[in-house]
Amino acid sequence: MLTEMLNELNRLITKYSGDDWNDKPTANVLVELLMEHAFFLQMEVTEVRAGRRKLQSDGFLGPETREARRRLRASTNSSEALGDTSNATERRTQTQQTKNIHNRFSDNGQREFAKKRRAARKARERRRARVDARKEERARNQKEKARPK
């Protein structure tokens, strides 16, 4: 799902950064925002693949993936119910150990991701404030030039 999102973002970035849209300020702002979002999404994909972040099954996973996971859990639970206790106990122990490791990485990854996200948001707000200040200054300068002397 993340890769599909990245592909769609890249498609939009390519489209709106082309020659047809290059002279439109709205398209330029859109491309900047899409590129920033693609950067964070790529960072998230990297963190998930490295094990620093764990995707939750009730998160944004697609319907087919959620259904496949549900079926896998159901078949695991049914094999445990049929008396396959030796493997079930071993699986539970391995699963718990894996969860402990993932939780430790996930918490750190989530904190780091949130920190980076906040920093980028603050930087974006500072850029917007500078742009707004320049626009106001230009407007004041135009009013002064238009004022009769």
# chains A, B, ... in the order shown; residues from 1 in each chain; ligands from 1
>>> residues_around(residues="Ala120 of chain A", least_positions_apart="3", cutoff="12 Å", atoms="only C-alpha atoms", output="number ranges by chain")
A: 33, 36-37, 39-40, 113-117, 123-127
>>> write_last_selection(atoms="all heavy atoms", output="CSV table (one decimal), in the first residue's frame")
chain,number,residue,atom,x,y,z
A,33,LEU,N,4.6,20.5,-2.0
A,33,LEU,CA,3.9,19.8,-1.0
A,33,LEU,C,3.9,18.3,-1.2
A,33,LEU,O,4.2,17.5,-0.3
A,33,LEU,CB,2.5,20.3,-0.8
A,33,LEU,CG,2.3,21.7,-0.2
A,33,LEU,CD1,0.9,22.1,-0.3
A,33,LEU,CD2,2.9,21.8,1.2
A,36,GLU,N,7.4,16.9,-0.6
A,36,GLU,CA,7.6,16.8,0.9
A,36,GLU,C,6.9,15.5,1.4
A,36,GLU,O,7.4,14.7,2.2
A,36,GLU,CB,7.1,18.0,1.6
A,36,GLU,CG,7.4,18.1,3.1
A,36,GLU,CD,6.9,19.4,3.7
A,36,GLU,OE1,7.0,20.4,3.0
A,36,GLU,OE2,6.5,19.3,4.8
A,37,HIS,N,5.7,15.3,1.0
A,37,HIS,CA,4.9,14.2,1.4
A,37,HIS,C,5.5,12.9,0.9
A,37,HIS,O,5.6,11.9,1.7
A,37,HIS,CB,3.4,14.3,0.9
A,37,HIS,CG,2.5,13.3,1.5
A,37,HIS,ND1,2.2,13.2,2.8
A,37,HIS,CD2,1.9,12.3,0.9
A,37,HIS,CE1,1.4,12.2,3.0
A,37,HIS,NE2,1.2,11.6,1.9
A,39,PHE,N,8.7,12.4,0.4
A,39,PHE,CA,9.9,12.2,1.2
A,39,PHE,C,9.5,11.5,2.5
A,39,PHE,O,10.2,10.6,2.9
A,39,PHE,CB,10.5,13.6,1.5
A,39,PHE,CG,11.6,13.5,2.5
A,39,PHE,CD1,12.8,13.0,2.2
A,39,PHE,CD2,11.4,14.0,3.8
A,39,PHE,CE1,13.8,12.9,3.2
A,39,PHE,CE2,12.4,13.9,4.7
A,39,PHE,CZ,13.6,13.3,4.4
A,40,PHE,N,8.5,12.0,3.2
A,40,PHE,CA,8.1,11.4,4.4
A,40,PHE,C,7.6,10.0,4.3
A,40,PHE,O,7.8,9.1,5.1
A,40,PHE,CB,7.0,12.3,5.2
A,40,PHE,CG,7.6,13.5,5.8
A,40,PHE,CD1,7.3,14.7,5.4
A,40,PHE,CD2,8.6,13.3,6.8
A,40,PHE,CE1,7.8,15.8,6.0
A,40,PHE,CE2,9.2,14.5,7.4
A,40,PHE,CZ,8.8,15.7,7.0
A,113,PHE,N,10.0,9.6,14.0
A,113,PHE,CA,9.2,10.0,12.8
A,113,PHE,C,8.4,11.2,13.2
A,113,PHE,O,8.3,12.2,12.4
A,113,PHE,CB,8.3,8.9,12.4
A,113,PHE,CG,7.5,9.2,11.1
A,113,PHE,CD1,8.1,9.2,9.9
A,113,PHE,CD2,6.2,9.5,11.2
A,113,PHE,CE1,7.4,9.5,8.7
A,113,PHE,CE2,5.5,9.8,10.1
A,113,PHE,CZ,6.1,9.8,8.9
A,114,ALA,N,7.8,11.2,14.4
A,114,ALA,CA,7.0,12.4,14.8
A,114,ALA,C,7.9,13.6,15.0
A,114,ALA,O,7.5,14.7,14.6
A,114,ALA,CB,6.3,12.0,16.1
A,115,LYS,N,9.1,13.4,15.5
A,115,LYS,CA,10.0,14.5,15.7
A,115,LYS,C,10.4,15.1,14.3
A,115,LYS,O,10.4,16.4,14.1
A,115,LYS,CB,11.3,14.0,16.3
A,115,LYS,CG,11.9,15.0,17.4
A,115,LYS,CD,13.2,14.5,17.9
A,115,LYS,CE,13.0,13.3,18.9
A,115,LYS,NZ,14.3,13.0,19.5
A,116,LYS,N,10.7,14.3,13.3
A,116,LYS,CA,11.1,14.8,12.0
A,116,LYS,C,9.9,15.5,11.3
A,116,LYS,O,10.0,16.5,10.7
A,116,LYS,CB,11.5,13.6,11.1
A,116,LYS,CG,12.9,13.0,11.5
A,116,LYS,CD,13.2,11.8,10.7
A,116,LYS,CE,14.5,11.1,11.3
A,116,LYS,NZ,14.7,9.9,10.6
A,117,ARG,N,8.7,14.9,11.6
A,117,ARG,CA,7.5,15.5,11.0
A,117,ARG,C,7.2,16.9,11.5
A,117,ARG,O,6.9,17.8,10.8
A,117,ARG,CB,6.3,14.5,11.3
A,117,ARG,CG,5.1,14.8,10.6
A,117,ARG,CD,5.2,14.3,9.2
A,117,ARG,NE,3.9,14.6,8.5
A,117,ARG,CZ,3.5,14.1,7.4
A,117,ARG,NH1,4.3,13.1,6.9
A,117,ARG,NH2,2.4,14.4,6.9
A,123,ALA,N,9.4,24.1,9.7
A,123,ALA,CA,10.1,24.7,8.6
A,123,ALA,C,9.2,25.2,7.5
A,123,ALA,O,9.4,26.3,7.0
A,123,ALA,CB,11.1,23.7,8.0
A,124,ARG,N,8.2,24.4,7.2
A,124,ARG,CA,7.2,24.8,6.2
A,124,ARG,C,6.4,26.1,6.7
A,124,ARG,O,6.2,27.0,5.9
A,124,ARG,CB,6.2,23.7,6.0
A,124,ARG,CG,5.2,24.0,4.8
A,124,ARG,CD,4.4,22.8,4.5
A,124,ARG,NE,3.6,22.2,5.6
A,124,ARG,CZ,3.8,21.0,6.1
A,124,ARG,NH1,4.7,20.2,5.5
A,124,ARG,NH2,3.1,20.6,7.1
A,125,GLU,N,6.1,26.2,7.9
A,125,GLU,CA,5.4,27.4,8.5
A,125,GLU,C,6.3,28.6,8.4
A,125,GLU,O,5.8,29.7,8.1
A,125,GLU,CB,4.9,27.1,9.9
A,125,GLU,CG,3.8,26.1,10.0
A,125,GLU,CD,3.5,25.7,11.4
A,125,GLU,OE1,4.2,26.2,12.4
A,125,GLU,OE2,2.6,24.9,11.6
A,126,ARG,N,7.6,28.4,8.7
A,126,ARG,CA,8.5,29.5,8.6
A,126,ARG,C,8.6,30.0,7.1
A,126,ARG,O,8.7,31.2,6.9
A,126,ARG,CB,9.9,29.1,9.1
A,126,ARG,CG,10.0,29.1,10.6
A,126,ARG,CD,11.4,29.0,11.1
A,126,ARG,NE,12.1,27.8,10.6
A,126,ARG,CZ,12.2,26.6,11.3
A,126,ARG,NH1,11.6,26.5,12.5
A,126,ARG,NH2,12.8,25.6,10.8
A,127,ARG,N,8.7,29.0,6.2
A,127,ARG,CA,8.8,29.4,4.8
A,127,ARG,C,7.6,30.2,4.4
A,127,ARG,O,7.6,31.2,3.7
A,127,ARG,CB,8.9,28.2,3.9
A,127,ARG,CG,10.3,27.7,3.8
A,127,ARG,CD,10.5,26.7,2.6
A,127,ARG,NE,9.5,25.6,2.6
A,127,ARG,CZ,9.6,24.5,3.2
A,127,ARG,NH1,10.7,24.2,3.9
A,127,ARG,NH2,8.6,23.5,3.1
>>> closest_residue(among="A:Met5, A:Ala68, A:Ala50, A:Ile13", to="Asn28 of chain A", atoms="only C-alpha atoms")
A:Ile13
>>> atom_distance(atom1="atom CA of Glu44 of chain A", atom2="atom CA of Leu6 of chain A")
10.7 Å
>>> atom_distance(atom1="atom CA of Thr14 of chain A", atom2="atom CA of Val31 of chain A")
8.5 Å
>>> atom_distance(atom1="atom CA of Glu4 of chain A", atom2="atom CA of Arg70 of chain A")
21.8 Å
